[in-house]
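S.K.: So here's model-v3.cif, just mmCIF, C-alpha atoms:
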data_data
#
loop_
_atom_site.label_atom_id
_atom_site.label_comp_id
_atom_site.auth_asym_id
_atom_site.auth_seq_id
_atom_site.Cartn_x
_atom_site.Cartn_y
_atom_site.Cartn_z
CA MET B 1 0.00 0.00 0.00
CA GLU B 2 1.36 3.40 -0.98
CA PHE B 3 1.40 6.12 1.68
CA PHE B 4 1.60 9.87 1.11
CA VAL B 5 4.38 9.91 3.72
CA SER B 6 6.61 6.83 3.79
CA GLU B 7 6.42 4.73 6.96
CA ASP B 8 10.07 5.33 7.84
CA SER B 9 9.92 9.09 7.25
CA ILE B 10 11.22 11.60 9.79
CA VAL B 11 7.92 13.45 9.28
CA ARG B 12 6.09 10.57 10.94
CA LYS B 13 8.41 10.80 13.91
CA ILE B 14 7.78 14.55 14.16
CA TRP B 15 4.00 14.26 13.85
CA GLY B 16 3.76 11.08 15.92
CA LYS B 17 4.36 12.69 19.33
CA SER B 18 1.93 14.94 21.14
CA ASP B 19 4.58 17.17 22.71
CA THR B 20 6.20 17.92 19.35
CA ILE B 21 2.80 18.70 17.80
CA LEU B 22 1.92 21.01 20.69
CA PHE B 23 5.13 22.99 20.19
CA ILE B 24 4.42 23.18 16.45
CA PHE B 25 1.07 24.76 17.14
CA ALA B 26 2.36 26.95 19.97
CA GLY B 27 4.71 28.56 17.45
CA ALA B 28 2.12 28.68 14.70
CA ALA B 29 -0.41 30.27 17.10
CA ALA B 30 1.99 33.18 17.60
CA GLU B 31 2.81 33.62 13.93
CA PHE B 32 -0.80 33.15 12.77
CA ALA B 33 -1.81 36.04 14.99
CA LEU B 34 0.64 38.34 13.18
CA ASN B 35 -0.20 37.37 9.61
CA LYS B 36 -1.62 40.21 7.53
CA ALA B 37 -4.32 37.83 6.23
CA VAL B 38 -5.43 36.70 9.71
CA ASP B 39 -8.77 38.43 9.12
CA TRP B 40 -9.69 35.40 6.99
CA LEU B 41 -9.50 33.27 10.12
CA TYR B 42 -11.98 35.63 11.79
CA TYR B 43 -14.52 35.58 8.98
CA THR B 44 -16.46 32.55 10.25
CA GLY B 45 -15.83 33.41 13.90
CA LYS B 46 -14.78 29.82 14.68
CA LEU B 47 -11.15 30.56 15.49
CA PRO B 48 -11.65 33.22 18.19
CA ALA B 49 -14.60 31.27 19.60
CA ASP B 50 -12.59 28.08 20.13
CA PRO B 51 -8.86 28.42 19.33
CA ILE B 52 -7.94 25.15 21.11
CA GLY B 53 -10.65 23.19 19.33
CA ARG B 54 -9.50 24.61 15.99
CA LEU B 55 -5.99 23.44 16.80
CA PHE B 56 -7.17 19.86 17.20
CA SER B 57 -9.26 19.95 14.03
CA THR B 58 -6.21 21.19 12.12
CA VAL B 59 -4.07 18.46 13.70
CA GLU B 60 -6.60 15.86 12.59
CA TYR B 61 -6.23 16.93 8.97
CA ALA B 62 -2.44 16.84 9.29
CA ARG B 63 -2.56 13.35 10.79
CA LYS B 64 -4.73 12.11 7.94
CA ILE B 65 -2.12 13.36 5.50
CA VAL B 66 0.92 12.04 7.37
CA PHE B 67 -0.38 8.64 8.49
CA THR B 68 -2.81 7.45 5.82
CA PRO B 69 -2.50 5.89 2.35
CA THR B 70 -2.00 8.33 -0.52
CA GLN B 71 -5.60 8.17 -1.69
CA GLN B 72 -6.95 9.10 1.75
CA ALA B 73 -4.30 11.80 2.18
CA HIS B 74 -5.28 13.32 -1.17
CA LYS B 75 -8.92 13.27 -0.03
CA ALA B 76 -8.01 15.18 3.15
CA ILE B 77 -6.01 17.76 1.18
CA ASP B 78 -8.83 18.16 -1.35
CA THR B 79 -11.30 18.64 1.50
CA MET B 80 -9.15 21.46 2.92
CA ALA B 81 -8.97 23.08 -0.51
CA ALA B 82 -12.75 22.82 -0.89
CA ILE B 83 -13.32 24.40 2.54
CA HIS B 84 -11.13 27.35 1.58
CA ALA B 85 -12.86 27.67 -1.79
CA GLY B 86 -16.25 27.74 -0.04
CA LEU B 87 -15.03 30.42 2.34
CA GLU B 88 -13.79 32.53 -0.59
CA LYS B 89 -17.15 32.16 -2.31
CA LYS B 90 -19.04 33.28 0.79
CA ARG B 91 -16.81 36.29 1.32
CA GLY B 92 -16.70 37.18 -2.37
CA SER B 93 -12.91 37.48 -2.56
CA GLN B 94 -9.88 35.24 -2.73
CA ILE B 95 -7.42 34.33 0.01
CA PRO B 96 -4.06 35.76 -1.17
CA ASP B 97 -1.61 33.26 -2.66
CA TRP B 98 1.09 34.48 -0.29
CA SER B 99 -1.17 33.65 2.67
CA TYR B 100 -1.47 30.03 1.55
CA ARG B 101 2.30 29.88 1.26
CA ASP B 102 2.69 31.41 4.72
CA VAL B 103 0.57 28.68 6.32
CA LEU B 104 2.53 25.99 4.53
CA PHE B 105 5.79 27.66 5.51
CA MET B 106 4.73 27.64 9.17
CA LEU B 107 4.14 23.89 9.09
CA ILE B 108 7.58 23.36 7.57
CA TYR B 109 9.41 25.71 9.93
CA TYR B 110 7.76 24.64 13.18
CA SER B 111 7.93 20.92 12.35
CA ILE B 112 11.70 21.31 12.21
CA ALA B 113 12.01 23.75 15.13
CA ALA B 114 9.85 21.71 17.52
CA TYR B 115 11.61 18.43 16.76
CA GLU B 116 15.04 20.00 17.14
CA LEU B 117 14.03 21.54 20.46
CA LEU B 118 12.74 18.29 21.96
CA GLU B 119 14.77 15.63 20.19
CA ARG B 120 17.89 16.41 18.13
CA LYS B 121 19.18 18.45 15.22
CA LEU B 122 17.91 17.26 11.86
CA THR B 123 20.27 16.51 9.00
CA GLU B 124 19.98 18.51 5.78
CA GLU B 125 18.55 15.39 4.14
CA GLU B 126 15.85 15.15 6.82
CA LYS B 127 14.98 18.83 6.49
CA GLN B 128 14.58 18.29 2.76
CA GLU B 129 12.32 15.34 3.55
CA VAL B 130 10.12 17.54 5.73
CA TYR B 131 10.01 20.15 3.01
CA ASP B 132 9.12 17.59 0.33
CA VAL B 133 6.05 16.40 2.25
CA PHE B 134 4.60 19.88 2.64
CA TYR B 135 5.66 20.86 -0.87
CA ARG B 136 3.58 17.97 -2.22
CA MET B 137 0.69 18.92 0.05
CA GLY B 138 0.82 22.53 -1.14
CA SER B 139 1.10 21.51 -4.78
CA ARG B 140 -1.96 19.29 -4.40
CA MET B 141 -3.87 22.29 -2.97
CA GLY B 142 -2.78 24.45 -5.88
CA VAL B 143 -0.49 26.73 -3.86
CA LYS B 144 1.61 28.72 -6.32
CA GLU B 145 5.28 29.73 -6.49
CA LEU B 146 6.64 27.15 -4.07
CA PRO B 147 10.45 26.80 -4.11
CA ALA B 148 11.61 23.42 -5.40
CA THR B 149 13.99 22.60 -2.53
CA TYR B 150 14.52 23.29 1.16
CA GLU B 151 17.64 25.37 0.42
CA GLU B 152 15.73 27.51 -2.09
CA TRP B 153 12.90 27.89 0.43
CA LEU B 154 15.04 29.38 3.21
CA PRO B 155 15.47 32.90 1.73
CA VAL B 156 11.84 32.90 0.55
CA ARG B 157 10.74 32.14 4.10
CA GLU B 158 12.79 35.10 5.38
CA THR B 159 11.19 37.37 2.78
CA HIS B 160 7.71 36.27 3.82
CA LEU B 161 8.53 36.92 7.48
CA GLY B 162 9.59 40.44 6.57
CA GLN B 163 6.65 41.26 4.30
CA ASP B 164 3.61 39.38 5.60
CA LEU B 165 3.61 39.95 9.35
CA GLU B 166 2.35 42.86 11.42
CA LYS B 167 0.93 43.40 14.87
CA SER B 168 -2.75 44.32 14.55
CA VAL B 169 -6.04 44.39 16.46
CA TYR B 170 -6.48 40.76 15.40
CA THR B 171 -3.17 39.89 17.03
CA GLU B 172 -4.25 41.42 20.31
CA ASP B 173 -7.67 39.77 20.20
CA LEU B 174 -6.29 36.32 19.41
CA PHE B 175 -3.92 36.46 22.35
CA LYS B 176 -6.82 37.55 24.55
CA GLN B 177 -8.72 34.47 23.35
CA TYR B 178 -5.73 32.23 24.06
CA ARG B 179 -5.66 33.59 27.63
CA LYS B 180 -9.42 33.21 28.04
CA HIS B 181 -9.47 29.58 26.90
CA LEU B 182 -6.26 28.47 28.62
CA GLY B 183 -6.37 30.43 31.86
CA ASN B 184 -3.61 32.71 33.15
CA MET B 185 -1.12 30.02 34.18
CA ARG B 186 -1.37 27.95 31.02
CA PHE B 187 -1.33 31.10 28.89
CA ARG B 188 1.97 32.06 30.54
CA VAL B 189 3.34 28.63 29.69
CA LEU B 190 2.19 29.10 26.09
CA ILE B 191 4.10 32.38 25.80
CA GLU B 192 7.26 30.83 27.23
CA ALA B 193 6.91 27.86 24.86
CA GLN B 194 6.47 30.19 21.90
CA LYS B 195 9.70 31.98 22.76
CA LEU B 196 11.57 28.68 22.31
CA VAL B 197 10.49 28.08 18.70
CA VAL B 198 9.43 31.31 16.96
CA PRO B 199 11.89 33.14 14.67
CA GLN B 200 13.43 36.47 15.64
CA ARG B 201 11.02 38.51 13.49
CA VAL B 202 8.03 37.10 15.40
CA LYS B 203 9.75 37.78 18.74
CA GLU B 204 10.34 41.39 17.75
CA LEU B 205 6.73 42.02 16.70
CA LEU B 206 5.32 40.38 19.83
CA GLN B 207 7.97 42.02 22.03
CA PHE B 208 9.16 38.67 23.34
CA SER B 209 12.48 38.49 25.16
CA ASP B 210 15.09 36.02 23.92
CA PHE B 211 15.04 34.21 27.27
CA SER B 212 12.31 31.70 28.05
CA LEU B 213 11.54 30.45 31.54
CA LEU B 214 11.11 27.01 29.97
CA THR B 215 14.71 26.85 28.73
CA PRO B 216 15.97 25.08 31.88
CA VAL B 217 12.81 22.96 32.00
CA VAL B 218 13.25 21.34 28.57
CA PRO B 219 16.11 19.00 29.65
CA LEU B 220 14.06 17.94 32.69
CA TYR B 221 11.08 17.29 30.45
CA LYS B 222 13.21 15.04 28.23
CA VAL B 223 14.18 13.05 31.32
CA SER B 224 10.53 12.81 32.37
CA ARG B 225 9.71 11.27 28.98
CA LEU B 226 12.34 8.60 29.51
CA MET B 227 10.76 7.85 32.87
CA LYS B 228 7.26 7.84 31.30
CA MET B 229 6.27 10.72 33.57
CA ASP B 230 5.61 13.33 30.86
CA TRP B 231 1.87 12.57 30.95
CA MET B 232 1.73 14.09 34.43
CA LEU B 233 3.18 17.37 33.16
CA LYS B 234 0.75 17.45 30.24
CA LYS B 235 -2.14 16.86 32.62
CA ILE B 236 -1.06 19.80 34.76
CA LEU B 237 -0.29 22.18 31.91
CA LEU B 238 -3.12 21.46 29.47
CA PRO B 239 -6.92 21.87 29.81
CA GLY B 240 -8.64 18.79 31.21
CA ALA B 241 -11.29 18.82 28.49
CA TYR B 242 -8.61 18.01 25.89
CA GLN B 243 -6.62 15.35 27.77
CA GLU B 244 -8.05 12.45 25.76
CA GLN B 245 -7.39 14.23 22.46
CA ILE B 246 -3.83 15.06 23.53
CA GLN B 247 -3.14 11.43 24.43
CA GLY B 248 -4.55 10.42 21.06
CA LEU B 249 -1.86 12.45 19.31
CA ASP B 250 0.83 9.95 20.31
CA ILE B 251 1.56 7.45 17.57
CA VAL B 252 4.53 5.10 17.52
CA PRO B 253 6.02 5.59 14.05
CA HIS B 254 7.60 2.87 11.97
CA PRO B 255 11.36 2.79 12.76
CA ARG B 256 13.76 4.21 10.21
CA PRO B 257 16.00 1.38 8.96
CA SER B 258 19.65 1.59 9.98
CA LYS B 259 22.13 2.47 7.27
#
Can you present the structure in this file as structure tokens?
M.R.:
Amino acid sequence: MEFFVSEDSIVRKIWGKSDTILFIFAGAAAEFALNKAVDWLYYTGKLPADPIGRLFSTVEYARKIVFTPTQQAHKAIDTMAAIHAGLEKKRGSQIPDWSYRDVLFMLIYYSIAAYELLERKLTEEEKQEVYDVFYRMGSRMGVKELPATYEEWLPVRETHLGQDLEKSVYTEDLFKQYRKHLGNMRFRVLIEAQKLVVPQRVKELLQFSDFSLLTPVVPLYKVSRLMKMDWMLKKILLPGAYQEQIQGLDIVPHPRPSK
């Protein structure tokens, strides 16, 4: 059976652990809030009404793409494209091409950043592998002007960060919603987690310091995973209503064969 993402892919390792996924979306939550096209996420009102729930629905689409046969992955991608097309029809205008690229670029960047924070540095070959998966996903959705390789993507990503981000009323409102739905303590943890993975441009716009209170905690967290105690930390730090969904994010990926 052919899979959209091969069973021994590094992408399955990245998207097969709940903690890595949560850091991916912590970073994306910060950058999403700064995107100049974030008003599209407000059009239906679903994002500000339930930002945590929207995170899990987005994760579910990503999991379908990463862990299912090619035909099912294509169906999930086509469904996402159809949802966006329906939104454009309702609003009577098109989502900018650069905004589609930005979302794709976030998935690429934070997949790498989160895994490197919690696991190890990726090789250039593995980074290319991550890029290839999301390149194929974007191509299937009809996203235009995607660089052909990871190396070609790097300067394009920097250009997008410089051109497509700004702090706006939507930024402020989204962070208010994050605080409302997480509570003060968990919101503080979110901010400190974001500091660990977001690029410098995002830090500057959000006025984040370079130091995160979680920096000394990360090594301890890695130890807790080895001792199978990380579930206790997740239970403390994450809303109880989502505990079952968070546990469901953990998938044991197929091992990469030794070379």
S.K.: Give me, please, the distance in Å between atom CA of Asp8 of chain B and atom CA of Glu116 of chain B, quoted to one decimal.
M.R.: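 We find that atom CA of Asp8 of chain B and atom CA of Glu116 of chain B lie 18.1 Å from each other.
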S.K.: Using all atoms listed in the file for the distances, tell me which of B:Leu118, B:Val197, B:Ile108, B:Arg179 is nearest to Val223 of chain B.
M.R.: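 When distances to Val223 of chain B are compared using all atoms listed in the file, the smallest one comes from B:Leu118.
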S.K.: How many Å lie between atom CA of Ala30 of chain B and atom CA of Phe4 of chain B, rounded to one decimal?
M.R.: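 Distance between the two atoms: 28.6 Å.
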S.K.: Which neighbours of Ile191 of chain B fall inside 9 Å, counting all atoms listed in the file, when residues of the same chain fewer than 6 positions from it are skipped, and could you give them as a count of residues only?
M.R.: 4
S.K.: Can you measure atom CA of Glu158 of chain B to atom CA of Ala193 of chain B for me? One decimal in Å is fine.
M.R.: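 Answer for the atom CA of Glu158 of chain B to atom CA of Ala193 of chain B separation: 21.6 Å.
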S.K.: Return as a list in words the set of residues that the PyMOL selection byres ((chain B and resi 6) around 10) yields on the displayed structure.
M.R.: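 Evaluating the PyMOL selection byres ((chain B and resi 6) around 10) on this file yields Glu2, Phe3, Phe4, Val5, Glu7, Asp8, Ser9, Ile10, Val11, Arg12, Val66, Phe67, Thr68, Pro69, Thr70, Val133, His254 and Arg256 of chain B.
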S.K.: Taking (2.3, 29.1, 2.0) in the file's own coordinates, collect the residues within 12 Å, counting all atoms listed in the file, and hand them back as a PDB file with C-alpha atoms, in the frame of the given file.
M.R.:
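Below you can see result_39.pdb, which holds the result:
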ATOM      1  CA  PHE B  32      -0.800  33.150  12.770  1.00  0.00           C
ATOM      2  CA  ASN B  35      -0.200  37.370   9.610  1.00  0.00           C
ATOM      3  CA  ALA B  37      -4.320  37.830   6.230  1.00  0.00           C
ATOM      4  CA  ILE B  95      -7.420  34.330   0.010  1.00  0.00           C
ATOM      5  CA  PRO B  96      -4.060  35.760  -1.170  1.00  0.00           C
ATOM      6  CA  ASP B  97      -1.610  33.260  -2.660  1.00  0.00           C
ATOM      7  CA  TRP B  98       1.090  34.480  -0.290  1.00  0.00           C
ATOM      8  CA  SER B  99      -1.170  33.650   2.670  1.00  0.00           C
ATOM      9  CA  TYR B 100      -1.470  30.030   1.550  1.00  0.00           C
ATOM     10  CA  ARG B 101       2.300  29.880   1.260  1.00  0.00           C
ATOM     11  CA  ASP B 102       2.690  31.410   4.720  1.00  0.00           C
ATOM     12  CA  VAL B 103       0.570  28.680   6.320  1.00  0.00           C
ATOM     13  CA  LEU B 104       2.530  25.990   4.530  1.00  0.00           C
ATOM     14  CA  PHE B 105       5.790  27.660   5.510  1.00  0.00           C
ATOM     15  CA  MET B 106       4.730  27.640   9.170  1.00  0.00           C
ATOM     16  CA  LEU B 107       4.140  23.890   9.090  1.00  0.00           C
ATOM     17  CA  ILE B 108       7.580  23.360   7.570  1.00  0.00           C
ATOM     18  CA  TYR B 109       9.410  25.710   9.930  1.00  0.00           C
ATOM     19  CA  TYR B 131      10.010  20.150   3.010  1.00  0.00           C
ATOM     20  CA  PHE B 134       4.600  19.880   2.640  1.00  0.00           C
ATOM     21  CA  TYR B 135       5.660  20.860  -0.870  1.00  0.00           C
ATOM     22  CA  ARG B 136       3.580  17.970  -2.220  1.00  0.00           C
ATOM     23  CA  MET B 137       0.690  18.920   0.050  1.00  0.00           C
ATOM     24  CA  GLY B 138       0.820  22.530  -1.140  1.00  0.00           C
ATOM     25  CA  SER B 139       1.100  21.510  -4.780  1.00  0.00           C
ATOM     26  CA  MET B 141      -3.870  22.290  -2.970  1.00  0.00           C
ATOM     27  CA  GLY B 142      -2.780  24.450  -5.880  1.00  0.00           C
ATOM     28  CA  VAL B 143      -0.490  26.730  -3.860  1.00  0.00           C
ATOM     29  CA  LYS B 144       1.610  28.720  -6.320  1.00  0.00           C
ATOM     30  CA  GLU B 145       5.280  29.730  -6.490  1.00  0.00           C
ATOM     31  CA  LEU B 146       6.640  27.150  -4.070  1.00  0.00           C
ATOM     32  CA  PRO B 147      10.450  26.800  -4.110  1.00  0.00           C
ATOM     33  CA  TRP B 153      12.900  27.890   0.430  1.00  0.00           C
ATOM     34  CA  VAL B 156      11.840  32.900   0.550  1.00  0.00           C
ATOM     35  CA  ARG B 157      10.740  32.140   4.100  1.00  0.00           C
ATOM     36  CA  HIS B 160       7.710  36.270   3.820  1.00  0.00           C
ATOM     37  CA  LEU B 161       8.530  36.920   7.480  1.00  0.00           C
ATOM     38  CA  ASP B 164       3.610  39.380   5.600  1.00  0.00           C
TER      39      ASP B 164
END
S.K.: The PyMOL selection byres ((chain B and resi 36) around 10) - which residues does that actually catch in the file I just gave you? List them as an mmCIF file with C-alpha atoms, in the frame of the given file.
M.R.:
data_model
loop_
_atom_site.group_PDB
_atom_site.id
_atom_site.type_symbol
_atom_site.label_atom_id
_atom_site.label_comp_id
_atom_site.auth_asym_id
_atom_site.auth_seq_id
_atom_site.Cartn_x
_atom_site.Cartn_y
_atom_site.Cartn_z
ATOM 1 C CA PHE B 32 -0.800 33.150 12.770
ATOM 2 C CA ALA B 33 -1.810 36.040 14.990
ATOM 3 C CA LEU B 34 0.640 38.340 13.180
ATOM 4 C CA ASN B 35 -0.200 37.370 9.610
ATOM 5 C CA ALA B 37 -4.320 37.830 6.230
ATOM 6 C CA VAL B 38 -5.430 36.700 9.710
ATOM 7 C CA ASP B 39 -8.770 38.430 9.120
ATOM 8 C CA TRP B 40 -9.690 35.400 6.990
ATOM 9 C CA SER B 99 -1.170 33.650 2.670
ATOM 10 C CA GLN B 163 6.650 41.260 4.300
ATOM 11 C CA ASP B 164 3.610 39.380 5.600
ATOM 12 C CA LEU B 165 3.610 39.950 9.350
ATOM 13 C CA GLU B 166 2.350 42.860 11.420
ATOM 14 C CA LYS B 167 0.930 43.400 14.870
ATOM 15 C CA SER B 168 -2.750 44.320 14.550
ATOM 16 C CA TYR B 170 -6.480 40.760 15.400
ATOM 17 C CA THR B 171 -3.170 39.890 17.030
#
S.K.: Please write as a count of residues only the full residue list that the PyMOL selection byres ((chain B and resi 20) around 9) yields on this file.
M.R.: 17
S.K.: For Gly86 of chain B, which residue out of B:Lys121, B:His181, B:Thr44, B:Leu190 is the nearest one, using only C-alpha atoms?
M.R.: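 Using only C-alpha atoms, the shortest distance to Gly86 of chain B belongs to B:Thr44.
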S.K.: Using all atoms listed in the file for the distances, tell me which of B:Tyr110, B:Tyr150, B:Phe175, B:Phe56 is nearest to Glu126 of chain B.
M.R.: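 Of B:Tyr110, B:Tyr150, B:Phe175, B:Phe56, the one nearest Glu126 of chain B, counting all atoms listed in the file, is B:Tyr150.
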